[in-house]
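work18.pdb (PDB, C-alpha atoms) appears below.
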MODEL        1
ATOM      1  CA  LYS A   1      -1.979  -0.692   3.506  1.00  0.00           C
ATOM      2  CA  GLU A   2      -1.184   0.168   7.092  1.00  0.00           C
ATOM      3  CA  LYS A   3       2.165  -0.047   8.791  1.00  0.00           C
ATOM      4  CA  SER A   4       2.796  -3.100  10.921  1.00  0.00           C
ATOM      5  CA  GLY A   5       1.157  -2.715  14.301  1.00  0.00           C
ATOM      6  CA  ASP A   6      -1.443  -0.212  13.130  1.00  0.00           C
ATOM      7  CA  SER A   7      -5.025  -0.919  12.045  1.00  0.00           C
ATOM      8  CA  PRO A   8      -5.767  -4.104  10.076  1.00  0.00           C
ATOM      9  CA  ASP A   9      -4.442  -4.592   6.583  1.00  0.00           C
ATOM     10  CA  ILE A  10      -6.466  -3.256   3.674  1.00  0.00           C
ATOM     11  CA  LEU A  11      -7.260  -6.787   2.492  1.00  0.00           C
ATOM     12  CA  ILE A  12      -9.060  -7.514   5.756  1.00  0.00           C
ATOM     13  CA  GLN A  13     -10.828  -4.153   5.676  1.00  0.00           C
ATOM     14  CA  THR A  14     -12.249  -4.790   2.207  1.00  0.00           C
ATOM     15  CA  LEU A  15     -13.466  -8.382   2.508  1.00  0.00           C
ATOM     16  CA  PHE A  16     -17.067  -8.945   1.431  1.00  0.00           C
ATOM     17  CA  HIS A  17     -19.239 -11.751   0.075  1.00  0.00           C
ATOM     18  CA  SER A  18     -20.408 -11.840  -3.514  1.00  0.00           C
ATOM     19  CA  LYS A  19     -24.105 -11.493  -4.302  1.00  0.00           C
ATOM     20  CA  GLN A  20     -24.101 -14.982  -5.767  1.00  0.00           C
ATOM     21  CA  TRP A  21     -21.665 -17.491  -4.274  1.00  0.00           C
ATOM     22  CA  PHE A  22     -19.005 -18.765  -6.618  1.00  0.00           C
ATOM     23  CA  PRO A  23     -15.821 -20.703  -5.881  1.00  0.00           C
ATOM     24  CA  SER A  24     -12.317 -19.486  -6.463  1.00  0.00           C
ATOM     25  CA  GLY A  25     -11.393 -19.494 -10.136  1.00  0.00           C
ATOM     26  CA  PHE A  26      -8.424 -21.812  -9.686  1.00  0.00           C
ATOM     27  CA  ASN A  27      -9.705 -24.397 -12.154  1.00  0.00           C
ATOM     28  CA  ALA A  28     -11.772 -22.108 -14.368  1.00  0.00           C
ATOM     29  CA  ARG A  29     -10.809 -20.751 -17.788  1.00  0.00           C
ATOM     30  CA  LYS A  30     -13.375 -17.937 -17.874  1.00  0.00           C
ATOM     31  CA  LEU A  31     -15.728 -16.112 -15.511  1.00  0.00           C
ATOM     32  CA  THR A  32     -18.349 -13.499 -16.354  1.00  0.00           C
ATOM     33  CA  LEU A  33     -19.148 -11.115 -13.504  1.00  0.00           C
ATOM     34  CA  LYS A  34     -21.750  -8.417 -13.017  1.00  0.00           C
ATOM     35  CA  VAL A  35     -20.280  -5.596 -10.959  1.00  0.00           C
ATOM     36  CA  GLU A  36     -22.521  -3.040  -9.245  1.00  0.00           C
ATOM     37  CA  SER A  37     -21.773  -0.239  -6.802  1.00  0.00           C
ATOM     38  CA  LYS A  38     -23.780   1.679  -4.195  1.00  0.00           C
ATOM     39  CA  GLY A  39     -22.106   4.842  -5.479  1.00  0.00           C
ATOM     40  CA  GLN A  40     -20.588   5.853  -8.808  1.00  0.00           C
ATOM     41  CA  LEU A  41     -18.608   2.946 -10.177  1.00  0.00           C
ATOM     42  CA  VAL A  42     -14.994   3.732 -10.971  1.00  0.00           C
ATOM     43  CA  GLY A  43     -14.345   2.754 -14.587  1.00  0.00           C
ATOM     44  CA  ILE A  44     -13.153  -0.834 -14.872  1.00  0.00           C
ATOM     45  CA  PRO A  45     -10.451  -0.953 -17.551  1.00  0.00           C
ATOM     46  CA  GLN A  46     -10.505  -3.148 -20.615  1.00  0.00           C
ATOM     47  CA  GLY A  47      -7.591  -5.536 -20.896  1.00  0.00           C
ATOM     48  CA  ASP A  48      -6.126  -8.254 -23.066  1.00  0.00           C
ATOM     49  CA  PHE A  49      -7.986 -10.840 -20.968  1.00  0.00           C
ATOM     50  CA  GLN A  50     -10.686  -8.640 -19.429  1.00  0.00           C
ATOM     51  CA  CYS A  51     -13.649  -7.574 -21.572  1.00  0.00           C
ATOM     52  CA  VAL A  52     -15.846  -4.831 -20.086  1.00  0.00           C
ATOM     53  CA  LYS A  53     -19.430  -4.164 -21.182  1.00  0.00           C
ATOM     54  CA  PRO A  54     -21.742  -1.499 -19.666  1.00  0.00           C
ATOM     55  CA  LEU A  55     -25.085  -2.768 -18.363  1.00  0.00           C
ATOM     56  CA  PRO A  56     -28.104  -0.965 -16.879  1.00  0.00           C
ATOM     57  CA  GLY A  57     -27.155  -0.437 -13.245  1.00  0.00           C
ATOM     58  CA  GLY A  58     -23.715  -1.987 -13.501  1.00  0.00           C
ATOM     59  CA  THR A  59     -20.940  -3.465 -15.605  1.00  0.00           C
ATOM     60  CA  GLU A  60     -20.411  -6.916 -17.096  1.00  0.00           C
ATOM     61  CA  VAL A  61     -16.817  -8.122 -16.993  1.00  0.00           C
ATOM     62  CA  ALA A  62     -15.725 -11.291 -18.815  1.00  0.00           C
ATOM     63  CA  ILE A  63     -12.327 -12.451 -17.578  1.00  0.00           C
ATOM     64  CA  SER A  64     -10.310 -15.177 -19.316  1.00  0.00           C
ATOM     65  CA  ARG A  65      -7.312 -17.055 -18.023  1.00  0.00           C
ATOM     66  CA  PRO A  66      -4.394 -16.704 -20.441  1.00  0.00           C
ATOM     67  CA  SER A  67      -2.015 -19.430 -21.529  1.00  0.00           C
ATOM     68  CA  LEU A  68       1.719 -19.177 -21.001  1.00  0.00           C
ATOM     69  CA  THR A  69       3.698 -20.956 -23.740  1.00  0.00           C
ATOM     70  CA  ASP A  70       7.441 -21.356 -24.194  1.00  0.00           C
ATOM     71  CA  SER A  71       7.392 -19.569 -27.553  1.00  0.00           C
ATOM     72  CA  MET A  72       6.332 -16.263 -25.956  1.00  0.00           C
ATOM     73  CA  LYS A  73       8.934 -13.479 -25.973  1.00  0.00           C
ATOM     74  CA  ALA A  74       9.319 -10.504 -23.675  1.00  0.00           C
ATOM     75  CA  ASP A  75       8.659  -7.097 -25.196  1.00  0.00           C
ATOM     76  CA  SER A  76      10.979  -4.125 -24.730  1.00  0.00           C
ATOM     77  CA  LEU A  77       9.347  -1.474 -22.530  1.00  0.00           C
ATOM     78  CA  ALA A  78      11.846   0.702 -20.692  1.00  0.00           C
ATOM     79  CA  ALA A  79       9.395   2.086 -18.130  1.00  0.00           C
ATOM     80  CA  ALA A  80       8.347  -1.441 -17.132  1.00  0.00           C
ATOM     81  CA  LEU A  81      11.974  -2.508 -16.614  1.00  0.00           C
ATOM     82  CA  LYS A  82      13.086   0.303 -14.302  1.00  0.00           C
ATOM     83  CA  SER A  83      14.636  -0.143 -10.891  1.00  0.00           C
ATOM     84  CA  GLY A  84      13.381   2.244  -8.202  1.00  0.00           C
ATOM     85  CA  PRO A  85      12.867   2.724  -4.477  1.00  0.00           C
ATOM     86  CA  ILE A  86      10.196  -0.011  -4.291  1.00  0.00           C
ATOM     87  CA  VAL A  87      11.093  -2.462  -7.066  1.00  0.00           C
ATOM     88  CA  GLN A  88      14.865  -2.778  -6.648  1.00  0.00           C
ATOM     89  CA  THR A  89      16.448  -4.816  -9.442  1.00  0.00           C
ATOM     90  CA  GLU A  90      20.122  -4.024  -8.773  1.00  0.00           C
ATOM     91  CA  LEU A  91      20.418  -5.828  -5.426  1.00  0.00           C
ATOM     92  CA  PRO A  92      23.118  -8.540  -5.519  1.00  0.00           C
ATOM     93  CA  GLU A  93      20.725 -11.196  -4.178  1.00  0.00           C
ATOM     94  CA  ILE A  94      18.194 -10.370  -6.899  1.00  0.00           C
ATOM     95  CA  ARG A  95      20.861 -10.594  -9.596  1.00  0.00           C
ATOM     96  CA  LYS A  96      22.058 -13.951  -8.268  1.00  0.00           C
ATOM     97  CA  LEU A  97      18.538 -15.354  -8.075  1.00  0.00           C
ATOM     98  CA  VAL A  98      17.798 -14.276 -11.648  1.00  0.00           C
ATOM     99  CA  ALA A  99      21.030 -15.853 -12.914  1.00  0.00           C
ATOM    100  CA  ASP A 100      20.024 -19.112 -11.211  1.00  0.00           C
ATOM    101  CA  ILE A 101      16.522 -18.928 -12.683  1.00  0.00           C
ATOM    102  CA  ARG A 102      17.862 -18.334 -16.196  1.00  0.00           C
ATOM    103  CA  LYS A 103      20.069 -21.419 -15.845  1.00  0.00           C
ATOM    104  CA  VAL A 104      16.972 -23.501 -15.131  1.00  0.00           C
ATOM    105  CA  SER A 105      14.850 -21.958 -17.897  1.00  0.00           C
ATOM    106  CA  ARG A 106      16.269 -19.839 -20.711  1.00  0.00           C
ATOM    107  CA  CYS A 107      12.956 -18.957 -22.359  1.00  0.00           C
ATOM    108  CA  ASP A 108      11.048 -15.919 -21.083  1.00  0.00           C
ATOM    109  CA  ALA A 109       7.857 -17.814 -20.301  1.00  0.00           C
ATOM    110  CA  GLY A 110       9.829 -20.379 -18.330  1.00  0.00           C
ATOM    111  CA  CYS A 111      11.495 -17.589 -16.383  1.00  0.00           C
ATOM    112  CA  VAL A 112       8.060 -16.207 -15.484  1.00  0.00           C
ATOM    113  CA  ARG A 113       6.956 -19.611 -14.204  1.00  0.00           C
ATOM    114  CA  GLN A 114      10.088 -19.967 -12.109  1.00  0.00           C
ATOM    115  CA  VAL A 115       9.619 -16.499 -10.596  1.00  0.00           C
ATOM    116  CA  VAL A 116       6.020 -17.270  -9.591  1.00  0.00           C
ATOM    117  CA  HIS A 117       6.959 -20.442  -7.734  1.00  0.00           C
ATOM    118  CA  ARG A 118      10.165 -19.104  -6.182  1.00  0.00           C
ATOM    119  CA  VAL A 119       8.502 -16.003  -4.786  1.00  0.00           C
ATOM    120  CA  TYR A 120       5.703 -18.113  -3.323  1.00  0.00           C
ATOM    121  CA  GLN A 121       8.331 -20.266  -1.583  1.00  0.00           C
ATOM    122  CA  MET A 122      10.625 -17.399  -0.540  1.00  0.00           C
ATOM    123  CA  ILE A 123       8.003 -15.455   1.428  1.00  0.00           C
ATOM    124  CA  ILE A 124       7.729 -17.843   4.333  1.00  0.00           C
ATOM    125  CA  ARG A 125       5.499 -15.892   6.702  1.00  0.00           C
ATOM    126  CA  LYS A 126       2.274 -15.109   4.862  1.00  0.00           C
ATOM    127  CA  GLY A 127       0.479 -12.343   6.711  1.00  0.00           C
ATOM    128  CA  TYR A 128      -1.182  -8.951   6.633  1.00  0.00           C
ATOM    129  CA  GLY A 129       0.839  -7.049   9.242  1.00  0.00           C
ATOM    130  CA  VAL A 130       3.593  -5.725   6.953  1.00  0.00           C
ATOM    131  CA  GLY A 131       3.507  -2.255   5.417  1.00  0.00           C
ATOM    132  CA  PHE A 132       4.240  -1.825   1.707  1.00  0.00           C
ATOM    133  CA  ALA A 133       7.850  -3.078   1.853  1.00  0.00           C
ATOM    134  CA  ASN A 134      10.562  -2.569  -0.757  1.00  0.00           C
ATOM    135  CA  THR A 135      12.539  -5.426  -2.265  1.00  0.00           C
ATOM    136  CA  ALA A 136      15.466  -5.236   0.178  1.00  0.00           C
ATOM    137  CA  THR A 137      13.161  -5.433   3.196  1.00  0.00           C
ATOM    138  CA  ILE A 138      11.240  -8.359   1.694  1.00  0.00           C
ATOM    139  CA  LEU A 139      14.470 -10.277   1.064  1.00  0.00           C
ATOM    140  CA  LYS A 140      15.553  -9.647   4.652  1.00  0.00           C
ATOM    141  CA  ASN A 141      12.313 -10.511   6.443  1.00  0.00           C
ATOM    142  CA  ARG A 142      10.703 -13.020   4.049  1.00  0.00           C
ATOM    143  CA  GLU A 143       7.187 -12.042   5.127  1.00  0.00           C
ATOM    144  CA  GLY A 144       4.169 -10.238   3.729  1.00  0.00           C
ATOM    145  CA  ASP A 145       0.993 -10.532   1.706  1.00  0.00           C
ATOM    146  CA  CYS A 146       0.022  -9.853  -1.904  1.00  0.00           C
ATOM    147  CA  THR A 147       1.938  -6.569  -2.154  1.00  0.00           C
ATOM    148  CA  GLU A 148       5.205  -8.100  -0.971  1.00  0.00           C
ATOM    149  CA  HIS A 149       4.795 -11.082  -3.320  1.00  0.00           C
ATOM    150  CA  THR A 150       4.140  -8.643  -6.182  1.00  0.00           C
ATOM    151  CA  VAL A 151       7.111  -6.375  -5.416  1.00  0.00           C
ATOM    152  CA  LEU A 152       9.569  -9.269  -5.096  1.00  0.00           C
ATOM    153  CA  ALA A 153       8.296 -10.908  -8.282  1.00  0.00           C
ATOM    154  CA  MET A 154       8.545  -7.622 -10.189  1.00  0.00           C
ATOM    155  CA  ALA A 155      12.143  -7.118  -9.062  1.00  0.00           C
ATOM    156  CA  LEU A 156      13.116 -10.590 -10.291  1.00  0.00           C
ATOM    157  CA  LEU A 157      11.216 -10.236 -13.557  1.00  0.00           C
ATOM    158  CA  ARG A 158      12.697  -6.836 -14.393  1.00  0.00           C
ATOM    159  CA  ALA A 159      16.192  -8.018 -13.498  1.00  0.00           C
ATOM    160  CA  GLY A 160      15.562 -10.840 -15.974  1.00  0.00           C
ATOM    161  CA  GLU A 161      14.575  -8.310 -18.690  1.00  0.00           C
ATOM    162  CA  ILE A 162      10.877  -9.147 -18.563  1.00  0.00           C
ATOM    163  CA  PRO A 163       8.710  -5.984 -18.434  1.00  0.00           C
ATOM    164  CA  CYS A 164       6.078  -6.015 -15.722  1.00  0.00           C
ATOM    165  CA  ARG A 165       3.658  -3.849 -13.772  1.00  0.00           C
ATOM    166  CA  ALA A 166       1.339  -4.234 -10.788  1.00  0.00           C
ATOM    167  CA  ALA A 167      -2.388  -4.778 -11.152  1.00  0.00           C
ATOM    168  CA  ALA A 168      -4.788  -4.091  -8.304  1.00  0.00           C
ATOM    169  CA  GLY A 169      -8.416  -4.948  -7.811  1.00  0.00           C
ATOM    170  CA  VAL A 170     -10.267  -7.789  -6.152  1.00  0.00           C
ATOM    171  CA  VAL A 171     -10.006 -11.556  -6.121  1.00  0.00           C
ATOM    172  CA  ALA A 172     -12.512 -14.217  -5.070  1.00  0.00           C
ATOM    173  CA  ILE A 173     -11.658 -17.212  -2.929  1.00  0.00           C
ATOM    174  CA  ASN A 174     -14.570 -19.517  -2.096  1.00  0.00           C
ATOM    175  CA  GLY A 175     -17.179 -16.794  -2.227  1.00  0.00           C
ATOM    176  CA  THR A 176     -15.222 -14.187  -0.253  1.00  0.00           C
ATOM    177  CA  ILE A 177     -13.890 -11.219  -2.194  1.00  0.00           C
ATOM    178  CA  GLY A 178     -11.272  -8.682  -1.146  1.00  0.00           C
ATOM    179  CA  TYR A 179      -8.591  -6.289  -2.315  1.00  0.00           C
ATOM    180  CA  HIS A 180      -5.654  -7.942  -4.048  1.00  0.00           C
ATOM    181  CA  MET A 181      -2.517  -7.073  -6.008  1.00  0.00           C
ATOM    182  CA  TRP A 182      -0.680  -9.174  -8.577  1.00  0.00           C
ATOM    183  CA  PRO A 183       1.913  -8.665 -11.354  1.00  0.00           C
ATOM    184  CA  GLU A 184       1.331  -8.548 -15.086  1.00  0.00           C
ATOM    185  CA  VAL A 185       4.119  -9.414 -17.526  1.00  0.00           C
ATOM    186  CA  ARG A 186       4.430  -8.118 -21.087  1.00  0.00           C
ATOM    187  CA  LEU A 187       4.885 -11.017 -23.514  1.00  0.00           C
ATOM    188  CA  ASP A 188       4.081 -11.084 -27.239  1.00  0.00           C
ATOM    189  CA  GLY A 189       2.419  -7.679 -27.076  1.00  0.00           C
ATOM    190  CA  LYS A 190       0.002  -8.588 -24.262  1.00  0.00           C
ATOM    191  CA  TRP A 191      -0.146  -7.974 -20.520  1.00  0.00           C
ATOM    192  CA  ILE A 192      -0.444 -11.409 -18.931  1.00  0.00           C
ATOM    193  CA  PRO A 193      -1.571 -11.614 -15.277  1.00  0.00           C
ATOM    194  CA  ILE A 194       0.324 -13.935 -12.931  1.00  0.00           C
ATOM    195  CA  ASP A 195      -0.085 -14.461  -9.191  1.00  0.00           C
ATOM    196  CA  PRO A 196       2.825 -15.490  -6.960  1.00  0.00           C
ATOM    197  CA  THR A 197       0.708 -14.942  -3.826  1.00  0.00           C
ATOM    198  CA  LEU A 198      -1.547 -17.822  -4.904  1.00  0.00           C
ATOM    199  CA  ASP A 199       1.266 -19.683  -6.725  1.00  0.00           C
ATOM    200  CA  GLU A 200      -0.520 -19.328 -10.082  1.00  0.00           C
ATOM    201  CA  GLU A 201       1.571 -19.230 -13.270  1.00  0.00           C
ATOM    202  CA  THR A 202      -1.301 -17.327 -14.875  1.00  0.00           C
ATOM    203  CA  ALA A 203      -3.900 -15.605 -12.708  1.00  0.00           C
ATOM    204  CA  ASP A 204      -7.256 -17.324 -12.453  1.00  0.00           C
ATOM    205  CA  PRO A 205     -10.294 -15.444 -13.844  1.00  0.00           C
ATOM    206  CA  SER A 206     -11.593 -14.366 -10.431  1.00  0.00           C
ATOM    207  CA  HIS A 207      -8.958 -11.579 -10.579  1.00  0.00           C
ATOM    208  CA  LEU A 208     -10.900  -8.404 -11.411  1.00  0.00           C
ATOM    209  CA  ARG A 209      -8.394  -5.699 -12.365  1.00  0.00           C
ATOM    210  CA  MET A 210      -9.422  -2.168 -11.467  1.00  0.00           C
ATOM    211  CA  ALA A 211      -6.114  -0.275 -11.600  1.00  0.00           C
ATOM    212  CA  ILE A 212      -2.479  -0.611 -12.665  1.00  0.00           C
ATOM    213  CA  SER A 213       0.806   0.880 -11.468  1.00  0.00           C
ATOM    214  CA  LEU A 214       4.445   0.540 -12.512  1.00  0.00           C
ATOM    215  CA  LEU A 215       5.474   1.071  -8.851  1.00  0.00           C
ATOM    216  CA  ASN A 216       8.363   3.184 -10.136  1.00  0.00           C
ATOM    217  CA  ASP A 217       8.147   5.778  -7.356  1.00  0.00           C
ATOM    218  CA  THR A 218       6.856   6.157  -3.816  1.00  0.00           C
ATOM    219  CA  ASP A 219       3.691   7.932  -4.993  1.00  0.00           C
ATOM    220  CA  PHE A 220       2.182   4.734  -6.374  1.00  0.00           C
ATOM    221  CA  GLN A 221      -0.771   4.989  -3.987  1.00  0.00           C
ATOM    222  CA  ARG A 222      -2.274   7.726  -6.166  1.00  0.00           C
ATOM    223  CA  ASP A 223      -2.938   4.964  -8.728  1.00  0.00           C
ATOM    224  CA  LEU A 224      -4.635   2.697  -6.190  1.00  0.00           C
ATOM    225  CA  LEU A 225      -6.580   4.850  -3.729  1.00  0.00           C
ATOM    226  CA  PRO A 226      -9.666   5.420  -5.943  1.00  0.00           C
ATOM    227  CA  ILE A 227     -10.413   1.696  -6.117  1.00  0.00           C
ATOM    228  CA  VAL A 228      -9.568   1.049  -2.478  1.00  0.00           C
ATOM    229  CA  ARG A 229     -12.161   3.605  -1.426  1.00  0.00           C
ATOM    230  CA  GLN A 230     -14.801   1.949  -3.613  1.00  0.00           C
ATOM    231  CA  ILE A 231     -14.310  -1.726  -2.872  1.00  0.00           C
ATOM    232  CA  ASN A 232     -16.610  -1.829   0.157  1.00  0.00           C
ATOM    233  CA  SER A 233     -19.480  -0.457  -1.963  1.00  0.00           C
ATOM    234  CA  LEU A 234     -19.157  -3.144  -4.639  1.00  0.00           C
ATOM    235  CA  SER A 235     -21.616  -5.947  -5.302  1.00  0.00           C
ATOM    236  CA  ILE A 236     -20.482  -8.830  -7.547  1.00  0.00           C
TER     237      ILE A 236
ENDMDL
END

Any chance you could put this one into structure tokens?
Amino acid sequence: KEKSGDSPDILIQTLFHSKQWFPSGFNARKLTLKVESKGQLVGIPQGDFQCVKPLPGGTEVAISRPSLTDSMKADSLAAALKSGPIVQTELPEIRKLVADIRKVSRCDAGCVRQVVHRVYQMIIRKGYGVGFANTATILKNREGDCTEHTVLAMALLRAGEIPCRAAAGVVAINGTIGYHMWPEVRLDGKWIPIDPTLDEETADPSHLRMAISLLNDTDFQRDLLPIVRQINSLSI
């Protein structure tokens, strides 16, 4: 991403149309995509809800939308619970918000749902002009795009003892595809994608994950740059 006032946000820079038009996955349970690239395709990772199969000239990716049930329990993963310079879990406002959320829903899955909807509501000014802000800045300014929604959600989730990480890749909305970031939470031994930017309790299957990062330090861009450079050469 670029700093506010500089060149357009990376999401705008990477927008393209899919080879075959398909709507957003909001109401879908599963999508199967064929991904091709003009250059060498960066390996698309397998996941709990993303099945990758090599094809001649490309890759087939079957993406399923997970279910989020009240019986699901958070796993214990120290690295995915850390507070750092980007995801700041120790801020008093974060602690207060998490305490309020836990009063509303004591189960882990319910906490995840509450975080998704609260973050969507808390970031009032949805836009692409903000640089990659940390949690304190997001709480102060209440503006940003997918990265700010992801960072704020991760801070709340980790403060609530729910391990999480950031996923990055592309998402489709009414035939237009572009770079996107969203959180994944670790429940019952699986990484479950959620999307507070789109107010989705579980991410729809148009979310194609290409990289992950814990966002535990300021060098997180090393995890994301390879896919960012490739997005404009993709055909889906």

Target residues per the PyMOL selection byres ((chain A and resi 234) around 7), formatted as a VMD selection string: chain A and resid 35 to 38 230 to 233 235 to 236

Could those selected residues go to a file with C-alpha atoms, as a PDB file, keeping the file's coordinate frame?
ATOM      1  CA  VAL A  35     -20.280  -5.596 -10.959  1.00  0.00           C
ATOM      2  CA  GLU A  36     -22.521  -3.040  -9.245  1.00  0.00           C
ATOM      3  CA  SER A  37     -21.773  -0.239  -6.802  1.00  0.00           C
ATOM      4  CA  LYS A  38     -23.780   1.679  -4.195  1.00  0.00           C
ATOM      5  CA  GLN A 230     -14.801   1.949  -3.613  1.00  0.00           C
ATOM      6  CA  ILE A 231     -14.310  -1.726  -2.872  1.00  0.00           C
ATOM      7  CA  ASN A 232     -16.610  -1.829   0.157  1.00  0.00           C
ATOM      8  CA  SER A 233     -19.480  -0.457  -1.963  1.00  0.00           C
ATOM      9  CA  SER A 235     -21.616  -5.947  -5.302  1.00  0.00           C
ATOM     10  CA  ILE A 236     -20.482  -8.830  -7.547  1.00  0.00           C
TER      11      ILE A 236
END

I'd like the contact shell of A:Leu68 - 9 Å cut-off, all atoms listed in the file, skipping same-chain residues fewer than 3 positions apart - returned as an mmCIF file with C-alpha atoms, keeping the file's coordinate frame.
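Wrote it out as out_36.cif, contents follow:
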data_model
loop_
_atom_site.group_PDB
_atom_site.id
_atom_site.type_symbol
_atom_site.label_atom_id
_atom_site.label_comp_id
_atom_site.auth_asym_id
_atom_site.auth_seq_id
_atom_site.Cartn_x
_atom_site.Cartn_y
_atom_site.Cartn_z
ATOM 1 C CA SER A 71 7.392 -19.569 -27.553
ATOM 2 C CA MET A 72 6.332 -16.263 -25.956
ATOM 3 C CA ALA A 109 7.857 -17.814 -20.301
ATOM 4 C CA GLY A 110 9.829 -20.379 -18.330
ATOM 5 C CA VAL A 112 8.060 -16.207 -15.484
ATOM 6 C CA ARG A 113 6.956 -19.611 -14.204
ATOM 7 C CA ILE A 192 -0.444 -11.409 -18.931
ATOM 8 C CA GLU A 201 1.571 -19.230 -13.270
ATOM 9 C CA THR A 202 -1.301 -17.327 -14.875
#

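Counting all atoms listed in the file, the residue from A:Arg142, A:Lys82, A:Arg29, A:Lys96 that sits nearest to A:Arg158 is A:Lys82.
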
To verify the selection step, state as a VMD selection string which residues the PyMOL selection byres ((chain A and resi 144-150) around 8) yields on this input. chain A and resid 119 to 120 123 125 to 130 132 to 135 138 142 to 143 151 to 154 166 180 to 183 195 to 197

Expand the PyMOL selection byres ((chain A and resi 218) around 9) into the individual residues it matches in the shown file, reporting them as a ChimeraX atom specification. /A:84-86,215-217,219-221

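When atom CA of A:Gly58 is paired with atom CA of A:Glu184, their separation reads 25.9 Å.
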
Write out as lines of an AutoDock Vina configuration file an axis-aligned box for stretch 166-174 of chain A: all of its atoms listed in the file, 3 Å added on each side, centre and edge lengths in Å with one decimal.
center_x = -6.6
center_y = -11.8
center_z = -6.6
size_x = 21.9
size_y = 21.4
size_z = 15.1

Atom-to-atom span, atom CA of A:Asn174 and atom CA of A:Asn27, Å: 12.2 Å

A:Cys164 proximity check over A:Met122, A:Ala80, A:Ala99, A:Val104, using only C-alpha atoms: winner is A:Ala80

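Distance annotation: of A:Leu157, A:Met210, A:Ala136, A:Val98, the residue with the minimal separation from A:Val52 is A:Met210; atom set is all atoms listed in the file.
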
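The gap separating atom CA of A:Ser64 from atom CA of A:Val116 is 19.1 Å, in Å to one decimal.
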